[in-house]
$ cat data.cif   # mmCIF, C-alpha atoms and all ligand atoms
data_my_file
loop_
_atom_site.label_atom_id
_atom_site.label_comp_id
_atom_site.auth_asym_id
_atom_site.auth_seq_id
_atom_site.Cartn_x
_atom_site.Cartn_y
_atom_site.Cartn_z
CA MET I 1015 67.81 138.21 98.42
CA THR I 1016 70.28 141.10 98.06
CA ASP I 1017 73.16 139.07 99.53
CA THR I 1018 72.33 136.16 97.29
CA THR I 1019 72.28 138.36 94.21
CA THR I 1020 75.63 139.96 95.05
CA ASP I 1021 77.15 136.54 95.69
CA ALA I 1022 75.80 135.29 92.38
CA ILE I 1023 77.37 138.24 90.56
CA LYS I 1024 80.69 137.74 92.34
CA ASP I 1025 80.64 134.06 91.45
CA ARG I 1026 79.89 134.84 87.83
CA ILE I 1027 82.78 137.27 87.49
CA ARG I 1028 85.10 134.66 89.01
CA ASP I 1029 83.70 131.91 86.84
CA GLY I 1030 84.59 133.00 83.34
CA GLY I 1031 85.92 130.56 80.82
CA PRO I 1032 85.39 127.02 79.64
CA LEU I 1033 85.51 124.06 81.98
CA ILE I 1034 88.58 121.83 82.09
CA PRO I 1035 87.65 118.71 80.09
CA ARG I 1036 86.63 115.95 82.48
CA ASN I 1037 89.38 113.47 83.30
CA ARG I 1038 87.31 110.34 82.77
CA ALA I 1039 90.10 108.13 84.13
CA ALA I 1040 89.49 109.69 87.54
CA HIS I 1041 85.98 108.23 87.55
CA PRO I 1042 84.51 104.73 87.43
CA PRO I 1043 83.70 103.35 83.98
CA ALA I 1044 79.98 103.07 83.19
CA TYR I 1045 80.17 99.29 82.83
CA ASP I 1046 81.43 97.13 85.67
CA VAL I 1047 80.41 93.47 85.67
CA ASP I 1048 80.83 93.14 89.47
CA TYR I 1049 78.28 95.90 90.04
CA LYS I 1050 75.51 93.98 88.35
CA THR I 1051 72.97 96.75 87.87
CA SER I 1052 75.48 98.69 85.76
CA VAL I 1053 75.46 95.93 83.14
CA THR I 1054 72.08 96.91 81.64
CA ARG I 1055 72.38 100.61 82.42
CA ALA I 1056 75.79 101.41 80.95
CA PRO I 1057 75.88 103.08 77.52
CA ARG I 1058 77.91 101.03 75.01
CA TRP I 1059 78.67 103.84 72.59
CA PRO I 1060 81.40 106.35 73.39
CA LEU I 1061 80.45 109.71 74.85
CA LEU I 1062 80.40 112.69 72.47
CA SER I 1063 83.25 114.87 73.77
CA LEU I 1064 83.23 118.61 73.08
CA ASP I 1065 84.35 121.83 74.72
CA SER I 1066 81.88 123.11 77.29
CA THR I 1067 79.30 125.65 76.12
CA ILE I 1068 77.37 128.32 77.98
CA THR I 1069 74.88 125.57 78.90
CA GLU I 1070 77.45 123.68 80.97
CA GLU I 1071 79.30 126.81 82.15
CA THR I 1072 76.22 128.24 83.87
CA GLY I 1073 74.20 126.57 86.59
CA PRO I 1074 71.49 127.08 89.18
CA THR I 1075 72.28 129.20 92.23
CA PHE I 1076 70.79 128.75 95.67
CA GLY I 1077 70.73 131.40 98.36
CA HIS I 1078 70.91 131.07 102.13
CA ASP I 1079 67.24 132.06 102.26
CA LEU I 1080 66.52 128.53 101.00
CA LEU I 1081 67.88 126.89 104.13
CA GLY I 1082 66.07 126.13 107.34
CA PRO I 1083 68.06 126.48 110.59
CA LEU I 1084 68.38 122.69 111.09
CA ASP I 1085 68.93 121.68 107.47
CA ASN I 1086 72.55 120.66 108.16
CA ASN I 1087 71.77 118.96 111.47
CA LEU I 1088 70.53 115.45 110.70
CA ILE I 1089 70.43 114.55 114.39
CA LEU I 1090 67.61 117.03 114.91
CA ASN I 1091 66.11 118.07 111.57
CA TRP I 1092 63.61 115.24 111.10
CA THR I 1093 61.84 116.06 114.38
CA ARG I 1094 62.35 119.81 113.99
CA GLY I 1095 64.53 119.76 117.07
CA GLU I 1096 62.15 117.74 119.26
CA ALA I 1097 64.22 114.58 119.78
CA PRO I 1098 67.69 113.43 118.69
CA ALA I 1099 68.39 110.54 116.31
CA VAL I 1100 69.88 107.30 117.63
CA GLY I 1101 73.53 106.63 116.83
CA GLU I 1102 77.13 107.74 117.22
CA ARG I 1103 77.21 111.50 116.88
CA ILE I 1104 79.60 112.73 114.19
CA LEU I 1105 80.57 115.97 112.48
CA MET I 1106 81.17 115.65 108.75
CA HIS I 1107 83.08 118.66 107.49
CA GLY I 1108 85.36 119.75 104.70
CA ARG I 1109 85.89 122.08 101.80
CA VAL I 1110 84.62 122.17 98.25
CA LEU I 1111 87.49 123.05 95.90
CA ASP I 1112 87.99 123.04 92.16
CA GLU I 1113 90.78 121.39 90.17
CA ASN I 1114 92.76 124.63 90.39
CA ALA I 1115 92.63 124.23 94.20
CA ARG I 1116 90.42 127.31 94.54
CA PRO I 1117 87.61 127.16 97.10
CA VAL I 1118 84.07 126.95 95.70
CA PRO I 1119 81.95 129.29 97.87
CA ASN I 1120 78.14 129.57 97.90
CA THR I 1121 77.45 126.14 96.50
CA LEU I 1122 74.76 123.75 97.64
CA VAL I 1123 75.92 120.49 99.27
CA GLU I 1124 73.25 117.86 99.89
CA ILE I 1125 73.69 114.56 101.74
CA TRP I 1126 71.58 111.47 102.43
CA GLN I 1127 72.30 108.33 104.40
CA ALA I 1128 71.00 105.24 106.20
CA ASN I 1129 70.27 105.37 109.93
CA ALA I 1130 72.50 103.81 112.59
CA GLY I 1131 71.04 100.38 111.82
CA GLY I 1132 71.70 100.66 108.08
CA ARG I 1133 68.10 101.40 107.02
CA TYR I 1134 66.97 104.26 104.75
CA ARG I 1135 63.76 106.16 105.22
CA HIS I 1136 62.66 105.23 101.70
CA MET I 1137 59.61 103.22 100.70
CA LYS I 1138 61.77 100.87 98.63
CA ASP I 1139 64.15 99.98 101.47
CA THR I 1140 62.89 96.66 102.89
CA TYR I 1141 65.87 95.80 105.12
CA PHE I 1142 64.49 94.63 108.48
CA ALA I 1143 66.68 96.91 110.59
CA PRO I 1144 64.18 99.28 112.24
CA LEU I 1145 63.52 102.85 111.18
CA ASP I 1146 64.48 105.47 113.74
CA PRO I 1147 61.43 107.67 114.29
CA ASN I 1148 63.78 110.58 114.96
CA PHE I 1149 65.89 110.25 111.81
CA GLY I 1150 65.05 111.33 108.27
CA GLY I 1151 68.49 110.90 106.75
CA CYS I 1152 68.89 113.96 104.58
CA GLY I 1153 70.53 117.33 105.01
CA ARG I 1154 71.86 120.24 103.01
CA THR I 1155 73.98 123.34 103.41
CA ILE I 1156 75.72 126.04 101.38
CA THR I 1157 79.51 126.47 101.46
CA ASP I 1158 80.90 129.63 103.05
CA ASP I 1159 83.36 132.10 101.48
CA ASN I 1160 86.21 129.62 101.95
CA GLY I 1161 84.26 126.73 100.44
CA CYS I 1162 83.75 125.14 103.90
CA TYR I 1163 80.70 123.11 104.88
CA GLU I 1164 79.67 120.99 107.87
CA PHE I 1165 76.95 118.57 108.90
CA LEU I 1166 76.11 117.17 112.30
CA THR I 1167 74.78 113.65 111.89
CA ILE I 1168 75.04 110.07 113.15
CA ARG I 1169 77.33 107.41 111.76
CA PRO I 1170 75.30 105.37 109.25
CA GLY I 1171 75.24 101.59 109.62
CA ALA I 1172 76.60 99.19 107.00
CA TYR I 1173 73.84 97.35 105.14
CA PRO I 1174 73.44 94.27 102.93
CA TRP I 1175 72.29 94.64 99.33
CA PRO I 1176 71.32 92.26 96.55
CA ASN I 1177 74.27 91.93 94.16
CA ARG I 1178 76.52 88.92 94.75
CA ALA I 1179 75.26 86.51 97.41
CA ASN I 1180 76.66 88.36 100.43
CA ASP I 1181 77.51 91.95 99.51
CA TRP I 1182 77.50 94.71 102.12
CA ARG I 1183 77.85 98.43 101.67
CA PRO I 1184 80.51 99.97 103.90
CA MET I 1185 79.31 102.83 106.09
CA HIS I 1186 78.81 105.74 103.72
CA ILE I 1187 77.14 109.09 103.26
CA HIS I 1188 75.88 110.06 99.78
CA VAL I 1189 76.95 113.56 98.70
CA SER I 1190 75.61 115.77 95.91
CA VAL I 1191 77.32 119.03 94.87
CA PHE I 1192 76.42 121.65 92.27
CA GLY I 1193 79.41 123.96 91.94
CA HIS I 1194 78.67 127.05 89.87
CA ALA I 1195 78.22 125.30 86.55
CA PHE I 1196 75.89 122.51 85.48
CA GLY I 1197 78.93 120.76 83.99
CA GLN I 1198 80.46 120.51 87.48
CA ARG I 1199 77.51 118.50 88.80
CA LEU I 1200 78.72 115.58 90.92
CA ILE I 1201 77.29 112.85 93.13
CA SER I 1202 79.63 110.68 95.18
CA GLN I 1203 79.88 108.88 98.52
CA MET I 1204 81.99 109.45 101.61
CA TYR I 1205 83.46 106.39 103.33
CA PHE I 1206 84.95 106.18 106.84
CA GLU I 1207 88.61 105.57 107.71
CA GLY I 1208 89.25 102.05 108.93
CA ASP I 1209 86.05 100.42 107.64
CA PRO I 1210 86.99 96.83 106.68
CA LEU I 1211 84.07 96.62 104.23
CA ILE I 1212 85.53 99.23 101.83
CA PRO I 1213 87.89 96.80 100.04
CA LEU I 1214 85.06 94.24 99.73
CA CYS I 1215 82.50 96.57 98.16
CA PRO I 1216 81.83 96.23 94.40
CA ILE I 1217 80.52 99.83 94.22
CA ALA I 1218 83.67 101.24 95.83
CA ALA I 1219 85.63 98.94 93.49
CA THR I 1220 84.12 100.57 90.39
CA ILE I 1221 86.84 103.19 91.01
CA LYS I 1222 89.92 101.66 89.43
CA SER I 1223 92.56 104.00 90.83
CA ARG I 1224 93.61 103.32 94.41
CA SER I 1225 94.42 106.97 95.10
CA GLN I 1226 91.03 108.02 93.74
CA LEU I 1227 89.23 105.53 96.01
CA ASP I 1228 91.34 106.77 98.93
CA SER I 1229 90.08 110.29 98.18
CA LEU I 1230 86.58 109.14 99.20
CA VAL I 1231 87.71 107.85 102.60
CA ALA I 1232 87.30 110.49 105.30
CA PRO I 1233 89.95 110.46 108.05
CA LEU I 1234 89.04 110.73 111.70
CA ASP I 1235 89.76 114.35 112.65
CA MET I 1236 90.31 114.63 116.39
CA ALA I 1237 91.14 118.35 116.12
CA ARG I 1238 87.57 119.05 115.03
CA SER I 1239 85.96 116.55 117.39
CA LYS I 1240 84.15 118.00 120.38
CA PRO I 1241 85.01 116.45 123.75
CA MET I 1242 82.08 114.61 125.35
CA ASP I 1243 79.94 115.29 122.26
CA TYR I 1244 80.96 114.10 118.76
CA LEU I 1245 83.79 112.70 116.62
CA ALA I 1246 84.70 114.52 113.41
CA TYR I 1247 85.49 113.24 109.91
CA LYS I 1248 87.01 115.45 107.22
CA PHE I 1249 85.81 115.13 103.63
CA ASP I 1250 87.07 117.52 100.95
CA ILE I 1251 85.37 117.50 97.56
CA VAL I 1252 87.06 118.53 94.29
CA LEU I 1253 84.93 119.71 91.36
CA ARG I 1254 85.94 120.42 87.78
CA GLY I 1255 87.79 123.71 87.34
CA ARG I 1256 87.86 126.38 84.65
CA ARG I 1257 90.62 126.58 82.11
CA GLN I 1258 93.07 129.24 83.24
CA THR I 1259 94.10 131.30 80.27
CA MET I 1260 95.86 134.57 79.59
CA PHE I 1261 93.62 134.94 76.57
CA GLU I 1262 90.18 134.78 78.18
CA ASN I 1263 88.43 137.08 75.74
CA LYS I 1264 89.77 135.77 72.47
CA PRO I 1265 87.59 133.47 70.46
CA GLU I 1266 88.71 129.85 70.36
CA GLY I 1267 91.54 129.17 67.95
CA MET I 1268 92.71 132.78 67.64
CA MET W 1429 110.68 112.44 88.77
CA VAL W 1430 109.13 115.73 87.71
CA GLN W 1431 107.73 118.68 89.58
CA LYS W 1432 104.34 118.35 91.22
CA LEU W 1433 101.42 120.06 89.54
CA ASP W 1434 99.42 122.57 91.56
CA THR W 1435 96.16 121.11 90.29
CA LEU W 1436 93.88 118.65 92.09
CA VAL W 1437 92.09 115.64 90.67
CA GLU W 1438 88.30 115.72 90.60
CA THR W 1439 86.55 113.68 93.28
CA PRO W 1440 85.46 110.39 91.70
CA SER W 1441 81.77 109.87 91.10
CA GLN W 1442 79.84 107.08 92.80
CA THR W 1443 76.37 105.87 91.92
CA ALA W 1444 73.48 107.86 93.38
CA GLY W 1445 71.98 104.50 94.37
CA PRO W 1446 68.34 103.48 94.72
CA TYR W 1447 67.56 105.93 97.51
CA VAL W 1448 68.73 109.16 95.86
CA HIS W 1449 65.22 110.56 96.28
CA ILE W 1450 65.34 110.77 100.08
CA GLY W 1451 68.15 113.27 99.76
CA LEU W 1452 67.27 115.19 96.62
CA MET W 1453 63.51 114.75 96.05
CA PRO W 1454 62.09 114.00 99.51
CA SER W 1455 58.45 114.66 98.60
CA TYR W 1456 58.73 112.25 95.63
CA CYS W 1457 59.39 109.32 98.00
CA GLY W 1458 56.93 110.17 100.74
CA ASN W 1459 59.20 112.35 102.88
CA ALA W 1460 57.54 115.68 102.15
CA GLY W 1461 58.38 118.16 104.86
CA ALA W 1462 61.99 117.04 105.23
CA PHE W 1463 62.85 120.58 104.11
CA GLU W 1464 60.64 123.61 104.26
CA THR W 1465 61.48 124.54 100.67
CA GLU W 1466 62.40 121.78 98.27
CA ILE W 1467 64.52 122.70 95.27
CA GLY W 1468 63.91 121.74 91.66
CA LEU W 1469 60.14 121.21 91.93
CA SER W 1470 59.65 123.30 88.77
CA PRO W 1471 61.99 125.18 86.39
CA ILE W 1472 59.47 128.02 86.08
CA THR W 1473 57.10 130.03 88.24
CA ASP W 1474 53.79 131.56 87.17
CA GLY W 1475 54.19 134.25 84.58
CA ALA W 1476 57.28 132.89 82.85
CA ARG W 1477 57.54 134.34 79.36
CA GLY W 1478 57.30 132.09 76.33
CA GLN W 1479 55.55 128.90 75.28
CA ILE W 1480 54.74 126.43 78.03
CA ILE W 1481 55.65 122.94 76.90
CA GLU W 1482 55.41 119.44 78.34
CA ILE W 1483 57.94 116.73 77.58
CA VAL W 1484 57.03 113.14 78.44
CA GLY W 1485 59.39 110.19 78.22
CA GLN W 1486 60.98 107.17 79.79
CA VAL W 1487 64.50 106.16 80.73
CA ILE W 1488 64.91 102.71 79.18
CA ASP W 1489 67.62 100.17 80.01
CA GLY W 1490 69.36 97.65 77.76
CA THR W 1491 66.57 95.10 78.22
CA GLY W 1492 63.86 97.54 77.12
CA TRP W 1493 62.58 98.11 80.66
CA ALA W 1494 61.73 101.63 81.79
CA LEU W 1495 63.60 102.61 84.96
CA ARG W 1496 61.44 103.55 87.93
CA ASP W 1497 64.31 104.73 90.12
CA ALA W 1498 66.19 107.25 87.95
CA MET W 1499 66.44 110.89 88.93
CA ILE W 1500 66.84 113.47 86.17
CA GLU W 1501 67.92 117.08 86.49
CA SER W 1502 67.35 119.64 83.77
CA TRP W 1503 69.02 123.01 83.13
CA GLN W 1504 67.94 125.45 80.46
CA ALA W 1505 67.80 129.03 79.24
CA ASP W 1506 64.64 131.15 79.24
CA ALA W 1507 62.56 131.88 76.12
CA ALA W 1508 65.02 134.61 75.09
CA GLY W 1509 68.01 132.29 75.36
CA LEU W 1510 69.31 133.79 78.61
CA TYR W 1511 70.42 131.58 81.47
CA PRO W 1512 69.20 132.44 84.97
CA GLY W 1513 71.70 134.81 86.51
CA GLN W 1514 72.55 136.48 83.19
CA PRO W 1515 71.56 140.16 82.94
CA GLY W 1516 68.01 140.50 81.62
CA ALA W 1517 67.09 136.87 82.21
CA ASP W 1518 63.42 136.15 83.00
CA PRO W 1519 63.13 136.15 86.82
CA LYS W 1520 60.30 133.62 86.56
CA VAL W 1521 62.62 131.00 85.11
CA THR W 1522 64.87 129.16 87.59
CA GLY W 1523 65.96 126.88 84.74
CA HIS W 1524 66.53 123.90 87.03
CA CYS W 1525 64.22 120.97 87.65
CA ARG W 1526 64.41 117.54 89.26
CA PHE W 1527 62.07 114.77 88.22
CA GLY W 1528 61.60 111.02 88.43
CA ALA W 1529 59.50 108.36 86.78
CA ASP W 1530 55.95 107.46 87.69
CA ALA W 1531 56.02 104.19 89.66
CA GLU W 1532 53.30 102.64 87.45
CA SER W 1533 54.11 103.83 83.92
CA GLY W 1534 57.78 104.62 84.27
CA GLU W 1535 57.08 107.94 82.55
CA PHE W 1536 58.50 111.28 83.55
CA THR W 1537 57.03 114.66 82.70
CA LEU W 1538 58.92 117.93 82.42
CA ARG W 1539 56.74 121.04 82.25
CA THR W 1540 58.67 124.17 81.39
CA VAL W 1541 59.03 127.03 78.91
CA LYS W 1542 60.62 126.34 75.57
CA PRO W 1543 64.15 127.78 75.71
CA GLY W 1544 65.49 130.16 73.06
CA PRO W 1545 68.70 129.71 71.08
CA THR W 1546 71.93 130.46 72.96
CA PRO W 1547 75.25 131.89 71.76
CA THR W 1548 78.45 129.96 71.15
CA ARG W 1549 81.94 131.23 71.87
CA ALA W 1550 82.73 131.26 68.17
CA GLY W 1551 79.88 133.71 67.46
CA GLY W 1552 77.32 131.16 66.28
CA GLN W 1553 74.18 129.84 67.90
CA GLN W 1554 73.12 126.68 69.64
CA ALA W 1555 69.62 125.54 68.71
CA PRO W 1556 67.11 125.62 71.60
CA HIS W 1557 67.84 122.75 73.97
CA ILE W 1558 67.49 121.57 77.54
CA ALA W 1559 70.48 119.92 79.24
CA LEU W 1560 69.76 116.73 81.18
CA TRP W 1561 71.75 114.85 83.80
CA VAL W 1562 70.57 111.32 84.63
CA VAL W 1563 71.54 109.45 87.78
CA ALA W 1564 70.32 106.13 89.20
CA ARG W 1565 71.36 102.90 90.81
CA GLY W 1566 73.72 101.21 88.34
CA ILE W 1567 74.83 104.51 86.78
CA ASN W 1568 78.36 105.09 88.03
CA ILE W 1569 78.69 108.66 86.80
CA GLY W 1570 75.81 110.98 85.90
CA LEU W 1571 74.90 110.81 82.21
CA GLN W 1572 74.69 114.13 80.38
CA THR W 1573 72.48 114.54 77.36
CA ARG W 1574 70.31 117.21 75.69
CA ILE W 1575 66.74 117.60 74.48
CA TYR W 1576 66.43 119.44 71.16
CA PHE W 1577 63.08 120.02 69.43
CA GLU W 1578 61.82 118.59 66.15
CA ASP W 1579 59.98 121.83 65.29
CA GLU W 1580 63.03 124.11 65.67
CA ASP W 1581 65.79 124.83 63.17
CA ASN W 1582 68.55 122.50 64.33
CA SER W 1583 70.60 122.72 61.14
CA ALA W 1584 73.34 125.02 62.45
CA ASP W 1585 73.70 123.57 65.94
CA PRO W 1586 77.40 122.79 66.49
CA LEU W 1587 76.80 119.86 68.84
CA LEU W 1588 74.31 118.09 66.58
CA ALA W 1589 76.63 118.77 63.63
CA ARG W 1590 79.39 116.84 65.36
CA ILE W 1591 77.36 113.63 65.36
CA GLU W 1592 78.43 111.88 62.19
CA GLN W 1593 75.60 109.33 62.06
CA ARG W 1594 72.26 111.07 61.41
CA PRO W 1595 70.22 108.33 63.11
CA ARG W 1596 72.20 108.93 66.29
CA ALA W 1597 71.55 112.69 66.20
CA GLU W 1598 67.84 111.87 66.09
CA THR W 1599 68.11 110.43 69.63
CA LEU W 1600 68.54 113.99 70.93
CA ILE W 1601 65.46 115.40 69.22
CA ALA W 1602 62.12 115.46 71.01
CA LYS W 1603 59.20 114.47 68.77
CA LYS W 1604 56.11 116.65 68.70
CA THR W 1605 53.02 114.82 69.93
CA GLY W 1606 50.60 117.75 70.04
CA ASP W 1607 50.32 121.46 70.68
CA GLY W 1608 53.22 122.16 73.04
CA THR W 1609 53.73 118.49 73.91
CA TYR W 1610 56.74 116.35 73.07
CA ARG W 1611 58.02 112.82 73.51
CA PHE W 1612 61.65 112.24 74.52
CA ASP W 1613 62.86 108.79 75.55
CA ILE W 1614 66.32 108.17 76.91
CA ARG W 1615 67.77 104.79 75.89
CA LEU W 1616 70.70 103.90 78.09
CA GLN W 1617 71.91 101.01 75.97
CA GLY W 1618 71.15 99.00 72.85
CA ASP W 1619 69.04 99.84 69.79
CA GLY W 1620 68.59 103.57 69.45
CA GLU W 1621 70.98 104.28 72.32
CA THR W 1622 70.86 107.97 73.25
CA VAL W 1623 73.93 110.07 72.54
CA PHE W 1624 75.49 110.91 75.90
CA LEU W 1625 77.76 113.89 76.23
CA ASP W 1626 81.12 114.75 77.71
CA LEU W 1627 81.42 118.52 77.76
FE FE I 1701 73.61 104.02 100.22
#
$ encode --input "data.cif" --output "structure tokens" --more "lines below"
Ligand SMILES: [Fe+3]
Amino acid sequence: MTDTTTDAIKDRIRDGGPLIPRNRAAHPPAYDVDYKTSVTRAPRWPLLSLDSTITEETGPTFGHDLLGPLDNNLILNWTRGEAPAVGERILMHGRVLDENARPVPNTLVEIWQANAGGRYRHMKDTYFAPLDPNFGGCGRTITDDNGCYEFLTIRPGAYPWPNRANDWRPMHIHVSVFGHAFGQRLISQMYFEGDPLIPLCPIAATIKSRSQLDSLVAPLDMARSKPMDYLAYKFDIVLRGRRQTMFENKPEGM
Amino acid sequence: MVQKLDTLVETPSQTAGPYVHIGLMPSYCGNAGAFETEIGLSPITDGARGQIIEIVGQVIDGTGWALRDAMIESWQADAAGLYPGQPGADPKVTGHCRFGADAESGEFTLRTVKPGPTPTRAGGQQAPHIALWVVARGINIGLQTRIYFEDEDNSADPLLARIEQRPRAETLIAKKTGDGTYRFDIRLQGDGETVFLDL
């Protein structure tokens, strides 16, 4: 616990100041008629926009003592190392940064995904692709001092979903990140370079900026691939930053 | 052309989808044991100082139907108004919880301590509140909102004061249903739509 506490204090000293207001244009709008479920779940009234407060500028911290040794190895974690999951072995790796391009160390990164056949281990997933008895489909890790993280997993399969008559999700891994402030909280999805289903997907298409959608597509990274073992994909994640000011300790408006 | 900025653009959000629970709440969807220690099971541990309260509610869509697949996260201060990690904060309060709706009733329950008031940068106070973040299939970017309490003095809260229409401010205030119990529904759309926040 001592390490965790020291890290938390270091993070707090680093993390003074209000959050940069969220650039909403970088994100999908709440309402998108082609993603049908959003139609009844999108607020119609505008958001109430204010400067962040201590509530959004603080957030939960998680220490390395939380993690089990296989938590970031989805090939082995479901069977506790007994038997490997079926599928193409891949390394998903990258850095968590903030808008000021500073690494975000000691932050929890969680992922979940379908198995190689495109089926989730979830009671509500009724797709007839079989479950893999050796694959749970979730993992988590904490970024290191440079904001780096990695997961060993299998490439998830594409899967059909009820939206328009023949919609398919491209291969993707769901990603959840905390940062150091509750106002930085983010869930997104990583796509794979070269997947022809990306431009056909109404969920990917909720992102209106081409460069923003491109930022979710992980390139094949041969330099991090391991010969005779796995291919690597690089996925960097950018969270909201803090306002950089020369006048940190002055009250607002002074 | 102009010079390039040194800043990056935030990674765009994507929906958490219908299977968010396998990743973030494995025991909720029958995958208990996926991790040895699951996070967010409770925002408090035994012995937390202050009044234990229970908040029950539903997340309701534009048709009036309660969502069964939403996941909510909460973040709050302890009874003295200190956030976990701040000097002197109650070590029995983690402040963070994850919860979902009951498959039958669509109701969620948050059991926690009532938070104290917290300071503002301008030297004022925020009334006691719990921050919420709602994700689900069909929600493209997590929705932020807050639970305030009907039986607290909310008159000087800067956030509530910024809501011009009083009936809208009411959507952020949990109604007392008994001793230490409250009702707080989240309406995503339509009549009585909850005020969602951008801060
Ligand atoms: Fe998915």
$ residues_near_ligand --input "data.cif" --ligand "ligand FE 1701 (chain I)" --cutoff "8 Å" --atoms "only C-alpha atoms and all ligand atoms" --output "ChimeraX atom specification"
/I:1127-1128,1183,1186-1188 /W:1444-1447
$ residues_around --input "data.cif" --residues "W:Gly1485" --least-positions-apart "2" --cutoff "7 Å" --atoms "only C-alpha atoms" --output "list in words"
Ile1483, Val1487, Glu1535, Phe1536, Thr1537, Arg1611, Phe1612 and Asp1613 of chain W
$ interface_residues --input "data.cif" --of "chain W" --to "chain I" --cutoff "6 Å" --atoms "all atoms listed in the file" --output "PyMOL selection string"
chain W and resi 1435-1442+1451+1489-1490+1550+1566-1568+1616-1617+1624-1627
$ residues_around --input "data.cif" --residues "W:Thr1540" --least-positions-apart "5" --cutoff "12 Å" --atoms "all atoms listed in the file" --output "JSON, numbers by chain"
{"W": [1468, 1469, 1470, 1471, 1472, 1473, 1474, 1475, 1476, 1477, 1478, 1479, 1480, 1481, 1482, 1483, 1484, 1502, 1503, 1504, 1505, 1506, 1507, 1520, 1521, 1522, 1523, 1524, 1525, 1526, 1557, 1558, 1608, 1609, 1610]}
$ axis_aligned_box --input "data.cif" --around "stretch 1232-1240 of chain I" --padding-each-side "3 Å" --output "lines of an AutoDock Vina configuration file"
center_x = 87.6
center_y = 114.8
center_z = 112.8
size_x = 13.0
size_y = 14.6
size_z = 21.1
$ atom_distance --input "data.cif" --atom1 "atom CA of I:Leu1245" --atom2 "atom CA of I:Leu1088"
14.8 Å
$ residues_around --input "data.cif" --residues "W:Ile1500" --least-positions-apart "4" --cutoff "6 Å" --atoms "all atoms listed in the file" --output "VMD selection string"
chain W and resid 1526 to 1527 1561 to 1562
$ atom_distance --input "data.cif" --atom1 "atom CA of I:His1107" --atom2 "atom CA of I:Gly1208"
17.8 Å
$ residues_near_point --input "data.cif" --point "(76.0, 103.4, 109.1)" --cutoff "8 Å" --atoms "all atoms listed in the file" --output "ChimeraX atom specification"
/I:1127-1132,1168-1173,1184-1186
$ atom_distance --input "data.cif" --atom1 "atom CA of I:Asp1159" --atom2 "atom CA of I:Pro1119"
4.8 Å
$ residues_around --input "data.cif" --residues "stretch 1576-1583 of chain W" --least-positions-apart "6" --cutoff "6 Å" --atoms "all atoms listed in the file" --output "list in words"
Ala1555, His1557, Leu1600, Ile1601, Ala1602 and Lys1603 of chain W
$ residues_around --input "data.cif" --residues "W:Ile1614" --least-positions-apart "3" --cutoff "7 Å" --atoms "all atoms listed in the file" --output "list in words"
Gln1486, Val1487, Ile1488 and Thr1622 of chain W
$ write_last_selection --input "data.cif" --atoms "C-alpha atoms" --output "PDB file, in the frame of the given file"
ATOM      1  CA  GLN W1486      60.980 107.170  79.790  1.00  0.00           C
ATOM      2  CA  VAL W1487      64.500 106.160  80.730  1.00  0.00           C
ATOM      3  CA  ILE W1488      64.910 102.710  79.180  1.00  0.00           C
ATOM      4  CA  THR W1622      70.860 107.970  73.250  1.00  0.00           C
TER       5      THR W1622
END
$ closest_residue --input "data.cif" --among "I:Leu1105, I:Cys1162, I:Ala1099, I:Pro1213" --to "I:Val1231" --atoms "all atoms listed in the file"
I:Pro1213
$ closest_residue --input "data.cif" --among "W:Arg1565, W:Arg1496, W:Arg1596, W:Arg1549" --to "W:Glu1532" --atoms "only C-alpha atoms"
W:Arg1496
$ residues_near_point --input "data.cif" --point "(61.6, 105.6, 92.9)" --cutoff "10 Å" --atoms "all atoms listed in the file" --output "number ranges by chain"
I: 1136-1138; W: 1446-1450, 1453, 1456-1457, 1495-1499, 1528-1531, 1534, 1564
$ closest_residue --input "data.cif" --among "I:Ala1195, I:Gly1108, I:Pro1233, I:Ile1156" --to "W:Tyr1511" --atoms "all atoms listed in the file"
I:Ala1195
$ decode --input "data.cif" --residues "stretch 1469-1475 of chain W" --atoms "N, CA and C atoms" --output "PDB file, in the first residue's frame"
ATOM      1  N   LEU W1469     -17.580  -2.353  -6.082  1.00  0.00           N
ATOM      2  CA  LEU W1469     -18.708  -3.108  -5.517  1.00  0.00           C
ATOM      3  C   LEU W1469     -19.449  -2.274  -4.474  1.00  0.00           C
ATOM      4  N   SER W1470     -18.713  -1.424  -3.749  1.00  0.00           N
ATOM      5  CA  SER W1470     -19.338  -0.537  -2.764  1.00  0.00           C
ATOM      6  C   SER W1470     -18.465   0.699  -2.587  1.00  0.00           C
ATOM      7  N   PRO W1471     -19.079   1.875  -2.389  1.00  0.00           N
ATOM      8  CA  PRO W1471     -18.286   3.096  -2.172  1.00  0.00           C
ATOM      9  C   PRO W1471     -17.800   3.240  -0.737  1.00  0.00           C
ATOM     10  N   ILE W1472     -18.214   2.326   0.135  1.00  0.00           N
ATOM     11  CA  ILE W1472     -17.822   2.406   1.548  1.00  0.00           C
ATOM     12  C   ILE W1472     -17.439   1.020   2.050  1.00  0.00           C
ATOM     13  N   THR W1473     -16.644   0.985   3.124  1.00  0.00           N
ATOM     14  CA  THR W1473     -16.446  -0.272   3.840  1.00  0.00           C
ATOM     15  C   THR W1473     -16.976  -0.081   5.258  1.00  0.00           C
ATOM     16  N   ASP W1474     -17.099  -1.191   5.985  1.00  0.00           N
ATOM     17  CA  ASP W1474     -17.673  -1.129   7.336  1.00  0.00           C
ATOM     18  C   ASP W1474     -16.954  -0.091   8.185  1.00  0.00           C
ATOM     19  N   GLY W1475     -17.739   0.686   8.883  1.00  0.00           N
ATOM     20  CA  GLY W1475     -17.153   1.666   9.792  1.00  0.00           C
ATOM     21  C   GLY W1475     -17.031   3.054   9.189  1.00  0.00           C
TER      22      GLY W1475
END
